[in-house]
Each structure stands twice: as C-alpha cells, then as structure tokens.
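Please read the structure below before turning to the comments.
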Amino acid sequence: MASSPCGSGNFDSGLEIKTRSVEQTLVPLVSQITTLINHKDKPKKSERTQQAIQRVGQAVSVAVGRFVGVGEAIAVENEELKEEMGMACFEARRAGDAIAKLTDVGMPVATLVDGRKTVFSNRTGMVKAARMLLSSVTKVLVLADRVVIKQIITSRNKVLVTLEQLERVSTFQEFVQIFSQFGNQMVEFAHLTGDRQNDLKDENKKARMAAARAVLEKCTMMLLTASKTCLRHPDCESARINKDAVFHRMRFALEQVMEIVTDARPCGETKVLPLSIYTGIKDFKSDVEGLREGLYSLPQQALSDQLEAVVERTEDFTDSAYTSHEHREGILQLCQLARQDTDQLIVAWREALSLNAKEATEEMELSILKTCQSVHELRRELHKVAVGRAADLLKVHAEHLPLRALKASGGEGNLEAVAEYARTLGEQKEQLVETCRLLCHVSGTEPLEITCIHAEETFHVTGPQIISAAQTLALHPSSKIAKENLDVFCEAWESQLCDMGVLLREINDVFEGRRGDKRAYLSLPRPGKHSANLKTVKAVKLDTEEQSTIAKLGVDLRLLTSDVDTEVEKWEDQEQDIVRQGQSMSSMAYSMYLFTRGEGLLKTTMDLFHQAEVLSEEGLQLCSSLHTLSTLLMDEEKVVVLSEMEKLMGLCQQLQMGVRTPVQGKTATFQKVDSSIQNTRAIMTVVIYLLPVCNKLVRKYKSERSSLDTPQSWRDRQLSTPVKDDALNGKNSNGFGVKSLEKHMANLTFLESK
C-alpha cells in the first residue's frame, strides 16, 4: 500500500505511507470495511447475518472512537499538529458513526418509515463513509508518524550540540562529564533510528539507514579514544587530524540519517545510486524482451546506446591493474559478442518493421534469445571476476599483517617503518576500494549496491585514520592512550573486512538465486509428513555417469528458478499467496537443481522424490490461489488464468503420481529421477508464464478497486463473495475489533513515547 487507498474531498488522497506500522494498522480496517461493502444483495438475510453485520458496524465505530482518542491526545501534546489532527479525528469519528448507523438493522425493514436506509439498501452511503474513514484514519496515522520523526530530529539536535561541546573541550574532567552525557544521547538516538530502520518499507532507505547507523556506532568509540589522545598530546598534528576526521564523519552520518528520516536532500538534490552494470544489463534485457510485445516500444538506436553504456562501465574491470590478462580478454570478447548479437537483432527488427509485422518474427525471436544470452554471459564473467578478486583479497588480509606491523613499529617509535607499512596499507586500501566498486557492479540488488558503497567509503576513510593513529603512537611510543586509539581503528578495519565477507556471500546468494531467510523452503521436507507413500522406494545415490546425464537436465531448471525469482521481485505485495507459493516452488526446484549437480541438501533419490512431492502439493495450492484470483477477473482474463491453472494442475498431479509410484532396480530409479526433473521443469515453465500475467492483472484490479472514481464504479467491480457469519462474528484474525486495533496500534513507535 504505497498511498492511501481512498480519498476524500477534504483530505490528500495521495498520502504516502512510508512505514510498515502505519500500513499494518490499516490492514484490519480495510479488511472489515471491504467485507461490509462486498456482501451479496440477497432479498432476504438470515437474522444471524443481520446481527453479525450490526456487531461489525458497532465494533468499527467503538474501535475508531478509541483510535481517535489516541490521535486527539497526540494533538494536545504537539501544538503544530493540533489543527490537522483535530480535523482528521473529527472526520474519522463522523465516518465511524455513519457506518454504525448504516449497519443498524435492529428494526424491521418495514418500519423504517422515516426513510432511513441501511447497508442493505444504501451501498453508496457505505462507500462514501468507507472512503472518508480510510482517508481520515490514514491522515491520523501519517500525522502521528510525524511525531516519531520529530523525536528523531530532537534527539539528533541534542547529539549535535553535545558533539560541538566535545570538540571544544580542553580538560579531561570536562571531557569525561560531557562524553557521559553524549553516550546516553547516542543510546537514545540509536534506539529511535533502529526502530525507524526496521519500520521503513523502502528497502533502499533501510540499507542507507543501516550504513549510517553502522558509521555512528563505530565512530562513537573512535571519538572517545581520538579525543583522549588529542587531549593528552595537544601539540601533535597527527592526533588532531585523526580526531577531526572522526568528528567530520559523525556529522556526515547524522546528516544522512536526517535525509532518510525527513525524505529531504540539501539544495533540492535527489539521492541517486551510481548506475551499476547489473542494473544496466537488467534494463537492457527488459527492453530487448519487451520487443516481443511491441515492435514500436522504443527507438532502434536506444538498444545500441544502452549496450554501449554497459560496455563503457566494464572499463572499471578492464582498466584495472589488478585484472588478469585472461579475464580482461574474456570480458572484451563477451562485450564484442553482445554488440554483434545486438546488431543482428536490430537488423531483424528493421526487417520485421518493413513487413509491417505486428509481433516479433521467428528470426527476431531467435536474435532476442541470443542477445539476452550474450549479456547474461557477460554478467556471469564480471561476477566471477569481482567475486574471485574479493575472495582472494579476504584471504590475503586474513592475517592482518600490515596492521600488526604498524602497531609494532609505532610502539617502537620507528617513524620510518611506520611510513613504509603505511604505504603497504595504502595499497591494500586502494585494492579494497576498487574491489568494492566492482562488487557494486554485480551486486544484484539496490540494497546490496548501497552496502557495497558503504564498504568502499569505510575502507577509503579508515585507512588514513589508521595511518594517522600509527604516526601519533610512533611520536609518543610510551602513550597508552595513543596505543589504545590505534587498536580501536585497527579493530574497525578488521570489522569491515568481516562485513565484506558477509556481503560477498549475500551477493553470491543473489546471483545463484538463493534468498536466505526470505525463501520458504531451504531444507528437506519435515520427516514423516510425506514418507507414507514412499516406503517401498530405496534411497540410493546416482553414480558418476548418471550424475553427468541428469546434470544436463538441471541447467534449464536453474535458469527457470532464476527467472521466477526475477518475476517475484516485480510484485509490490510480497505477501500475496501467489508470490509466496511461487517463491516456495522456485526454492524447491532450485534444491532439485543442486541435486542434479551432486550438491545441496538432497543427497539421495528418496530425498529428491520427497522434495518433488512437496513441490507438487505447493503447485496445487497455487492452483487454488489462481482460482480465487479468477473470480475477480473479467471473462477474457478469467479464461487465460483458468486455462493455465488447469495445465499446472495436470502437471502437478502427474508429478505427484510419478513420485508416489514404487519402482525396483537401478535403471527404473534413474528413469524416475529423469521423469521427476522433466515434470518439475514443465511446472516451472507454467509458473514463469503465470507470474507476470497475474502481477499485471492484480495491479489492474487493485487500481480499479482503489481509485473509487464513483459509487457506481465501486458497485460494478465489487466482489460477489457473500458475507460469512464467521468473519462478521469476529472470528477472522484480521478483524477490526477493539482488541485487533489496539494490537496493531501497539506496533506504532509513537505509542512507546506515551
């Protein structure tokens, strides 16, 4: 839910919801209001249903009343929000009361001589009340969220004031007193920003916030030792340089946090990530594949320009002194191949246009496939180079030899040795900075790109700080404070190397199609759950020849799982059943692919058959979700979804029957493995077709539903699902009762301050 789902004449219908807590608080309200509006217009209602509807309306009204009470209390404490919050609360209460009246069916219909209408006869009135309620409640939540932002700004201002005091202190006693206050303020700021980071919906902002908070965390300890060293050795230039760098970096990190929290940039600038090769290739492939749907979708020269922009960025690899001749030649050859394939595609494209073709010709289709394959191979080669270099560097730096040497030579007061090892560290710093830049190009997601940039900046800044701290120690070799200060900066360097190792694994996971904790199935099915039908199957391992044969089948499966993951990322709602089930099936198919390579958690044929059965069951669950979606669609759209659903159901049942059929002998077992992989591949082919189709249809449906252009349009597009008594009786876990509202409101961080 990127913005308020409903609008009102008195409120901004484009209220942007930036946090999960606000969004989740709206979920039960939207759920129950939708339930009320979408009941069937039956001529007669059972008494139980009528009473249930009335209870829901009353519960909504009471819950909104309590909710408004919290909003009004916030308005009293925050004068600047008083007028806006007061109006929003007034409208919310009025809308809640209107819904309660519309659902009041206590009196028989025949006695309603005053002309008063109920929800059964006044759908338009219910829609208007719902629009007003959702709009006003959203406004209250967004205004309340400003209080959280205000708390963070206030906390940051306190930190800045104390930071300036710390920078000016001249005695140890004064420093200890002020730093104690500063430490408490930083703890408060860390809690507030940590809560905000976890609450943000935008993954890029979360990554930026995490990077800024990591800087503040490390710099707090650096500030302590650097300031103490400067106080102990006030005439030491290297100590002053060391301290100034820490203060500068802390201020910069504080400003970064403010930019994220307030969504503002100085001088109206916008935060734009440097364009990576991964992003360039992804956009290029998207445009190339888009030609299938529209030959006139973009100018012909655009493809060449896009590819040249990607090739130009590969110079970060080919121009590097640390790239081997072999790798450099491989990258250049793949760039040239991509150019050739793109040129051939443009020729085929022009021919298709000259023939007034309405869709891609067979020759053009072949060129599209070749072009996508060539840039995919280029990306694979760049990934191998960047990740390989990073892994090699981490091995080289595992012993931290330059840091040890700097500590030793500094403690001995040997300035010449410090200068020599400082040059060595400087070279390593340049290697690490460049490697982080290359990793950014192949990271695979924008949050990981942000983490790569943070790592690059950290190495770039920390290297000189270590050198200045080592110079200070060399000038004052007996100073315990100077030694402690150097230790702190060296620990920060070592910590960043560890973080780089974690980053490297995450980049590899993305490239290999793994999603860590986000994936639903990364292990074997639970023991005992699916074993009843497989007792007669003997668990065996494939020999080398069989493994080689089956590995060829697995390649397509691997590509399909990668395509599924790419399509899943395009969905706005990652909790949608179709998305979750598609992810689960992709993960299980990936496990089966690893089996074909003799890797992963599936070790025996029985493991594989277990996994295949679970995948087939998940596929049947997906069929159920597709059937539910089809009930919301127009006739033509419904036919497309149901047709593919039936195909998927047949394939899943075929896979399920195959793995449950007992076989005897090595040859029969191998054939069963082969059949299981083939069927799984067919299933994933259907899934990869369905995901973008369903995504498009869901977006279209949500757009039509959320626009609420007129009461008539709402009525025309309403669900035909009847109101269930259980849901209306409050048995639905997402019910908008008082307890449910209070539970969701507890997630809002602004309530923690009350």
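Quick note on naming: the chains in the structure tokens go A, B, ... in the order shown, residues restart at 1 in each chain, and ligands are numbered from 1 in order of appearance.
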
(Q) Residues near A:Leu353, anyone? I mean within 8 Å using only C-alpha atoms, not counting same-chain ones fewer than 4 positions away, as a PyMOL selection string. (A) chain A and resi 295+349+357

Q: Please provide as a list in words all residues within 6 Å of stretch 378-394 of chain A, with the sequence filter that same-chain residues fewer than 2 positions apart are discarded (counting only C-alpha atoms).
A: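 That gives Leu334, Val375, His376, Val396, His397, Ala398, Leu438, Leu439 and Val442 of chain A.
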
Output for the residues just chosen: all heavy atoms as a PDB file, in the first residue's frame:
```
ATOM      1  N   LEU A 334      33.429 -10.942 -24.745  1.00  0.00           N
ATOM      2  CA  LEU A 334      31.992 -11.037 -24.466  1.00  0.00           C
ATOM      3  C   LEU A 334      31.274  -9.720 -24.798  1.00  0.00           C
ATOM      4  O   LEU A 334      30.124  -9.733 -25.240  1.00  0.00           O
ATOM      5  CB  LEU A 334      31.768 -11.419 -23.006  1.00  0.00           C
ATOM      6  CG  LEU A 334      32.116 -12.874 -22.663  1.00  0.00           C
ATOM      7  CD1 LEU A 334      32.112 -13.081 -21.157  1.00  0.00           C
ATOM      8  CD2 LEU A 334      31.119 -13.833 -23.325  1.00  0.00           C
ATOM      9  N   VAL A 375      24.480 -11.146 -23.093  1.00  0.00           N
ATOM     10  CA  VAL A 375      24.673 -10.220 -21.968  1.00  0.00           C
ATOM     11  C   VAL A 375      24.627 -10.974 -20.641  1.00  0.00           C
ATOM     12  O   VAL A 375      25.266 -10.557 -19.660  1.00  0.00           O
ATOM     13  CB  VAL A 375      23.631  -9.075 -21.980  1.00  0.00           C
ATOM     14  CG1 VAL A 375      23.863  -8.161 -23.165  1.00  0.00           C
ATOM     15  CG2 VAL A 375      22.207  -9.592 -21.949  1.00  0.00           C
ATOM     16  N   HIS A 376      23.884 -12.085 -20.619  1.00  0.00           N
ATOM     17  CA  HIS A 376      23.889 -12.926 -19.412  1.00  0.00           C
ATOM     18  C   HIS A 376      25.279 -13.515 -19.185  1.00  0.00           C
ATOM     19  O   HIS A 376      25.769 -13.544 -18.045  1.00  0.00           O
ATOM     20  CB  HIS A 376      22.861 -14.049 -19.541  1.00  0.00           C
ATOM     21  CG  HIS A 376      22.885 -15.018 -18.391  1.00  0.00           C
ATOM     22  ND1 HIS A 376      22.374 -14.715 -17.146  1.00  0.00           N
ATOM     23  CD2 HIS A 376      23.381 -16.285 -18.291  1.00  0.00           C
ATOM     24  CE1 HIS A 376      22.555 -15.744 -16.331  1.00  0.00           C
ATOM     25  NE2 HIS A 376      23.157 -16.713 -17.004  1.00  0.00           N
ATOM     26  N   VAL A 396      44.077 -12.924   1.668  1.00  0.00           N
ATOM     27  CA  VAL A 396      45.362 -12.233   1.859  1.00  0.00           C
ATOM     28  C   VAL A 396      45.354 -11.427   3.152  1.00  0.00           C
ATOM     29  O   VAL A 396      46.350 -11.384   3.887  1.00  0.00           O
ATOM     30  CB  VAL A 396      45.657 -11.313   0.657  1.00  0.00           C
ATOM     31  CG1 VAL A 396      46.843 -10.400   0.957  1.00  0.00           C
ATOM     32  CG2 VAL A 396      45.934 -12.149  -0.589  1.00  0.00           C
ATOM     33  N   HIS A 397      44.217 -10.773   3.434  1.00  0.00           N
ATOM     34  CA  HIS A 397      44.151  -9.879   4.601  1.00  0.00           C
ATOM     35  C   HIS A 397      43.713 -10.585   5.877  1.00  0.00           C
ATOM     36  O   HIS A 397      43.537  -9.935   6.919  1.00  0.00           O
ATOM     37  CB  HIS A 397      43.191  -8.724   4.313  1.00  0.00           C
ATOM     38  CG  HIS A 397      43.614  -7.867   3.160  1.00  0.00           C
ATOM     39  ND1 HIS A 397      44.934  -7.664   2.844  1.00  0.00           N
ATOM     40  CD2 HIS A 397      42.894  -7.166   2.244  1.00  0.00           C
ATOM     41  CE1 HIS A 397      45.020  -6.866   1.784  1.00  0.00           C
ATOM     42  NE2 HIS A 397      43.785  -6.567   1.393  1.00  0.00           N
ATOM     43  N   ALA A 398      43.530 -11.888   5.811  1.00  0.00           N
ATOM     44  CA  ALA A 398      43.048 -12.633   6.981  1.00  0.00           C
ATOM     45  C   ALA A 398      43.998 -12.520   8.167  1.00  0.00           C
ATOM     46  O   ALA A 398      43.570 -12.531   9.325  1.00  0.00           O
ATOM     47  CB  ALA A 398      42.830 -14.099   6.613  1.00  0.00           C
ATOM     48  N   LEU A 438      33.765  -2.851  -7.869  1.00  0.00           N
ATOM     49  CA  LEU A 438      33.424  -3.932  -8.800  1.00  0.00           C
ATOM     50  C   LEU A 438      32.265  -4.767  -8.260  1.00  0.00           C
ATOM     51  O   LEU A 438      31.380  -5.178  -9.017  1.00  0.00           O
ATOM     52  CB  LEU A 438      34.644  -4.827  -9.042  1.00  0.00           C
ATOM     53  CG  LEU A 438      35.891  -4.164  -9.647  1.00  0.00           C
ATOM     54  CD1 LEU A 438      36.930  -5.215 -10.013  1.00  0.00           C
ATOM     55  CD2 LEU A 438      35.540  -3.317 -10.856  1.00  0.00           C
ATOM     56  N   LEU A 439      32.273  -5.045  -6.955  1.00  0.00           N
ATOM     57  CA  LEU A 439      31.168  -5.802  -6.349  1.00  0.00           C
ATOM     58  C   LEU A 439      29.847  -5.051  -6.497  1.00  0.00           C
ATOM     59  O   LEU A 439      28.790  -5.659  -6.684  1.00  0.00           O
ATOM     60  CB  LEU A 439      31.460  -6.070  -4.874  1.00  0.00           C
ATOM     61  CG  LEU A 439      32.517  -7.128  -4.564  1.00  0.00           C
ATOM     62  CD1 LEU A 439      32.791  -7.187  -3.068  1.00  0.00           C
ATOM     63  CD2 LEU A 439      32.089  -8.510  -5.072  1.00  0.00           C
ATOM     64  N   VAL A 442      28.074  -5.836  -9.680  1.00  0.00           N
ATOM     65  CA  VAL A 442      27.470  -7.172  -9.857  1.00  0.00           C
ATOM     66  C   VAL A 442      26.617  -7.581  -8.667  1.00  0.00           C
ATOM     67  O   VAL A 442      26.223  -8.741  -8.550  1.00  0.00           O
ATOM     68  CB  VAL A 442      28.575  -8.237 -10.086  1.00  0.00           C
ATOM     69  CG1 VAL A 442      29.401  -7.896 -11.301  1.00  0.00           C
ATOM     70  CG2 VAL A 442      29.482  -8.401  -8.859  1.00  0.00           C
TER      71      VAL A 442
END
```

Q.
Under the rule that only C-alpha atoms are counted, which of A:Ala63, A:Met221, A:Leu401, A:Ala470 is the nearest residue to A:Gln428?
A.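 Among the listed residues, A:Leu401 lies closest to A:Gln428.
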
Q. What lies within 10 Å of A:Met684 using only C-alpha atoms, ignoring chain neighbours under 3 positions off, as a ChimeraX atom specification?
A. /A:556-557,560-561,563-564,582,585-586,589,619,648,651,679-681,687-690

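Residues lying within 7 Å of A:Gln197, counting only C-alpha atoms and ignoring same-chain neighbours fewer than 4 positions away, are Thr193, Lys206 and Met209 of chain A.
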
Q: Might you pull out every residue within 9 Å of stretch 79-96 of chain A, with only C-alpha atoms counted and same-chain residues fewer than 3 positions away left off, and present them as a count of residues only?
A: 37

Q. In terms of the shortest atom-to-atom distance over only C-alpha atoms, which of A:Gln678, A:Ser479, A:Thr262, A:Thr596 is closest to A:Ile153?
A.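 So, comparing all the options, the nearest one is A:Thr262.
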
Q: Please measure the separation of atom CA of A:Glu446 and atom CA of A:Leu503, giving the value in Å to one decimal.
A: 12.9 Å
